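Dumped entry25.csv below, it's CSV, C-alpha atoms:
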chain,number,residue,atom,x,y,z
J,1,MET,CA,0.0,0.0,0.0
J,2,THR,CA,2.9,2.4,0.7
J,3,ARG,CA,4.3,1.7,-2.7
J,4,SER,CA,1.1,2.7,-4.5
J,5,LEU,CA,0.8,5.9,-2.5
J,6,SER,CA,4.4,6.9,-3.3
J,7,ALA,CA,3.9,6.0,-6.9
J,8,LYS,CA,0.8,8.2,-7.0
J,9,ARG,CA,2.7,11.1,-5.5
J,10,SER,CA,5.5,10.9,-8.0
J,11,LEU,CA,3.1,11.0,-11.0
J,12,LYS,CA,3.0,14.4,-12.6
J,13,PRO,CA,-0.4,15.9,-12.9
J,14,ALA,CA,-2.0,15.6,-16.3
J,15,ARG,CA,-1.5,18.5,-18.6
J,16,PRO,CA,-4.7,20.5,-18.6
J,17,ALA,CA,-6.5,20.6,-22.0
J,18,TYR,CA,-6.7,24.4,-21.9
J,19,ILE,CA,-3.7,26.5,-21.0
J,20,LEU,CA,-4.6,30.2,-21.0
J,21,ASP,CA,-1.1,31.4,-21.8
J,22,GLU,CA,-1.3,29.4,-25.1
J,23,GLN,CA,-4.6,30.9,-26.3
J,24,ILE,CA,-4.5,33.4,-29.2
J,25,GLY,CA,-7.1,35.6,-27.6
J,26,PHE,CA,-5.2,35.9,-24.4
J,27,VAL,CA,-1.9,36.6,-26.2
J,28,LEU,CA,-3.6,39.2,-28.5
J,29,ARG,CA,-5.1,40.9,-25.5
J,30,GLN,CA,-1.7,41.2,-23.8
J,31,VAL,CA,-0.1,42.5,-27.0
J,32,TRP,CA,-3.0,45.0,-27.3
J,33,GLN,CA,-2.5,46.2,-23.7
J,34,ARG,CA,1.2,46.7,-24.3
J,35,HIS,CA,0.5,48.6,-27.6
J,36,ALA,CA,-2.3,50.7,-25.9
J,37,ALA,CA,0.2,51.7,-23.1
J,38,ILE,CA,2.8,52.7,-25.8
J,39,PHE,CA,0.1,54.6,-27.7
J,40,ALA,CA,-1.1,56.6,-24.6
J,41,ARG,CA,2.5,57.5,-23.7
J,42,GLU,CA,3.7,58.4,-27.1
J,43,ILE,CA,0.8,59.9,-29.2
J,44,GLY,CA,1.7,63.3,-27.8
J,45,ILE,CA,-1.9,64.6,-28.1
J,46,ASN,CA,-5.1,63.9,-26.3
J,47,LEU,CA,-6.5,61.2,-28.6
J,48,THR,CA,-7.8,57.7,-28.1
J,49,PRO,CA,-6.7,55.0,-30.5
J,50,THR,CA,-10.2,55.0,-32.1
J,51,GLN,CA,-10.1,58.8,-32.5
J,52,TRP,CA,-6.7,58.6,-34.0
J,53,ALA,CA,-7.9,55.9,-36.4
J,54,ALA,CA,-10.8,58.2,-37.6
J,55,LEU,CA,-8.5,61.2,-38.0
J,56,ALA,CA,-5.8,59.1,-39.8
J,57,LYS,CA,-8.4,57.5,-42.2
J,58,LEU,CA,-10.0,60.8,-43.0
J,59,SER,CA,-6.6,62.3,-43.7
J,60,GLU,CA,-5.7,59.4,-45.9
J,61,SER,CA,-8.9,59.0,-47.9
J,62,GLY,CA,-10.7,62.3,-47.6
J,63,PRO,CA,-14.4,63.0,-46.7
J,64,CYS,CA,-16.8,60.1,-46.4
J,65,SER,CA,-20.0,59.1,-44.8
J,66,GLN,CA,-19.9,58.2,-41.1
J,67,ASN,CA,-21.1,54.7,-42.0
J,68,GLN,CA,-18.2,54.3,-44.5
J,69,LEU,CA,-15.7,55.7,-42.1
J,70,GLY,CA,-16.9,53.1,-39.5
J,71,ARG,CA,-16.3,50.3,-42.0
J,72,LEU,CA,-12.9,51.7,-43.0
J,73,THR,CA,-11.8,51.9,-39.3
J,74,ALA,CA,-13.5,48.6,-38.2
J,75,MET,CA,-15.9,50.4,-35.8
J,76,ASP,CA,-19.5,49.6,-35.3
J,77,VAL,CA,-22.2,52.3,-35.9
J,78,ALA,CA,-22.5,53.4,-32.2
J,79,THR,CA,-18.7,53.6,-31.7
J,80,ILE,CA,-18.0,55.6,-34.8
J,81,LYS,CA,-20.9,58.0,-34.0
J,82,GLY,CA,-19.4,58.6,-30.5
J,83,VAL,CA,-15.9,59.1,-32.0
J,84,ILE,CA,-17.1,61.6,-34.5
J,85,ASP,CA,-19.3,63.4,-32.0
J,86,ARG,CA,-16.2,63.9,-29.7
J,87,LEU,CA,-13.9,64.9,-32.6
J,88,THR,CA,-16.5,67.4,-33.9
J,89,ALA,CA,-17.0,68.8,-30.4
J,90,ARG,CA,-13.2,69.5,-30.3
J,91,GLY,CA,-13.4,71.2,-33.7
J,92,LEU,CA,-11.4,68.4,-35.5
J,93,THR,CA,-14.1,67.1,-37.8
J,94,GLU,CA,-17.2,68.5,-39.3
J,95,THR,CA,-20.2,67.2,-41.3
J,96,SER,CA,-21.7,68.6,-44.5
J,97,ALA,CA,-24.4,67.4,-46.9
J,98,ASP,CA,-23.2,65.0,-49.6
J,99,PRO,CA,-23.5,66.7,-52.9
J,100,GLU,CA,-24.4,63.4,-54.6
J,101,ASP,CA,-27.0,62.5,-52.0
J,102,GLY,CA,-28.5,65.2,-49.8
J,103,ARG,CA,-29.8,62.7,-47.3
J,104,ARG,CA,-26.3,61.7,-46.4
J,105,LEU,CA,-23.8,63.6,-44.4
J,106,LEU,CA,-20.1,63.5,-45.1
J,107,VAL,CA,-17.5,63.7,-42.4
J,108,SER,CA,-14.3,65.6,-43.1
J,109,LEU,CA,-11.4,67.0,-41.2
J,110,THR,CA,-11.4,70.7,-40.3
J,111,ARG,CA,-8.2,72.6,-40.8
J,112,ALA,CA,-7.4,72.1,-37.2
J,113,GLY,CA,-8.1,68.3,-37.6
J,114,GLN,CA,-5.8,68.1,-40.6
J,115,GLN,CA,-3.0,69.9,-38.8
J,116,LEU,CA,-3.4,67.7,-35.7
J,117,ALA,CA,-3.3,64.6,-37.9
J,118,GLU,CA,-0.2,65.7,-39.7
J,119,LYS,CA,1.5,66.6,-36.4
J,120,ALA,CA,0.7,63.2,-34.9
J,121,VAL,CA,2.0,61.1,-37.8
J,122,PRO,CA,5.6,60.9,-36.6
J,123,ASN,CA,4.4,59.9,-33.1
J,124,ALA,CA,2.1,57.3,-34.6
J,125,LEU,CA,4.9,55.8,-36.7
J,126,ALA,CA,7.1,55.7,-33.6
J,127,ILE,CA,4.3,53.9,-31.7
J,128,THR,CA,4.3,51.2,-34.4
J,129,ARG,CA,8.1,50.9,-34.4
J,130,GLU,CA,8.1,50.5,-30.6
J,131,THR,CA,5.3,48.0,-30.6
J,132,LEU,CA,7.2,45.9,-33.1
J,133,ALA,CA,10.7,46.6,-31.7
J,134,PRO,CA,11.1,43.1,-30.1
J,135,LEU,CA,10.9,41.5,-33.6
J,136,GLU,CA,13.4,41.3,-36.4
J,137,PRO,CA,12.4,43.1,-39.7
J,138,ARG,CA,11.3,39.8,-41.4
J,139,GLU,CA,9.4,38.8,-38.3
J,140,ARG,CA,7.5,42.1,-38.4
J,141,GLU,CA,6.5,41.6,-42.0
J,142,THR,CA,5.4,38.0,-41.2
J,143,LEU,CA,3.4,39.1,-38.2
J,144,VAL,CA,1.5,41.8,-40.0
J,145,ALA,CA,0.9,39.4,-43.0
J,146,LEU,CA,-0.4,36.6,-40.7
J,147,LEU,CA,-2.6,39.0,-38.6
J,148,SER,CA,-4.0,40.4,-41.9
J,149,LYS,CA,-5.1,36.9,-42.8
J,150,LEU,CA,-7.0,36.6,-39.6
J,151,ARG,CA,-9.1,39.8,-40.1
As structure tokens - that is how I would like this structure written.
Amino acid sequence: MTRSLSAKRSLKPARPAYILDEQIGFVLRQVWQRHAAIFAREIGINLTPTQWAALAKLSESGPCSQNQLGRLTAMDVATIKGVIDRLTARGLTETSADPEDGRRLLVSLTRAGQQLAEKAVPNALAITRETLAPLEPRERETLVALLSKLR
């Protein structure tokens, strides 16, 4: 009886079927938290990541409907509305009637919004560099390519 007890004690516990540290969602959340901390520290202006995404996309593509901007920045209707409302309240975006469809409003950057977006670009590029800094150049390309496939 003593032998079987000591044999049981020396057995390693079975490996659990689910190891949190090995799950993609958990790893992505940790990476996002690291990136968000870098963003908050380095953006240099009072913008959230979603606000920056809207400003950057408007600077890149020009005026568009709020709905289209939401699709371009991967934000749902309620989120993009709140983002644009806050940016408009700060004088960074404005809305105007779409000349092709008077029922639709176009969102565009104000002069102040365009200037702020241009000012933030070097910081935003530095944020990306710092987020990816632990990786070699080829690893960075591979990571971005693989994550793009998961979209």
Study note, to complete from the structure: One decimal place gives the atom CA of Ala78 of chain J-atom CA of Leu106 of chain J separation as 16.6 Å
Exercise for review: Figure out the distance between atom CA of Arg86 of chain J and atom CA of Ala54 of chain J, please, to one decimal in Å.
Suggested key: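 Answer for the atom CA of Ala54 of chain J to atom CA of Arg86 of chain J separation: 11.1 Å.
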Could you produce a table of the residues of segment 8-82 of chain J lying within 8 Å of segment 118-130 of chain J, with the nearest pair of atoms per residue and their separation in Å rounded to one decimal, using only C-alpha atoms, ordered by chain and increasing residue number, as CSV?
residue,atom,partner,partner_atom,distance
J:His35,CA,J:Ile127,CA,7.7
J:Ile38,CA,J:Ile127,CA,6.2
J:Phe39,CA,J:Ile127,CA,5.8
J:Glu42,CA,J:Asn123,CA,6.2
J:Ile43,CA,J:Asn123,CA,5.3
J:Gly44,CA,J:Asn123,CA,6.9
J:Ile45,CA,J:Ala120,CA,7.4
Check your understanding: Can you tell me how far atom CA of Ala112 of chain J sits from atom CA of Gly91 of chain J, in Å to one decimal?
Key ->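 Atom CA of Ala112 of chain J sits 7.0 Å away from atom CA of Gly91 of chain J.
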Review point. Which is closer to Glu60 of chain J than all the others in J:Thr88, J:Thr73, J:Ser96, J:Gln33, using all atoms listed in the file?
Key: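 Smallest distance to Glu60 of chain J is found for J:Thr73.
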**Study point:** Contacts of Thr50 of chain J within 9 Å, only C-alpha atoms, excl. fewer than 5 positions in-chain, as a list in words
**Key:** Leu55, Thr73, Met75, Thr79, Ile80 and Val83 of chain J
**Study point:** Non-local contacts of Thr95 of chain J (7 Å; only C-alpha atoms; under 5 positions in same chain excluded) as a ChimeraX atom specification
**Key:** /J:105-108
Point to revise | Distance criterion (all atoms listed in the file): nearest to Ser65 of chain J out of J:Ile24, J:Ile84, J:Leu150, J:Ala53 | key: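 The closest residue to Ser65 of chain J is J:Ile84.
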Review point. Between J:Leu28, J:Ala37, J:Ile19, J:Ala14, which has the minimum distance to Leu143 of chain J (counting all atoms listed in the file)?
Key: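 Once distances to Leu143 of chain J are computed over all atoms listed in the file, the minimum belongs to J:Leu28.
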Point to revise | Given all atoms listed in the file as the counted atoms, nearest of J:Leu132, J:Ser148, J:Glu141, J:Leu109 to Arg34 of chain J | key: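 For Arg34 of chain J, the nearest of the candidates is J:Leu132.
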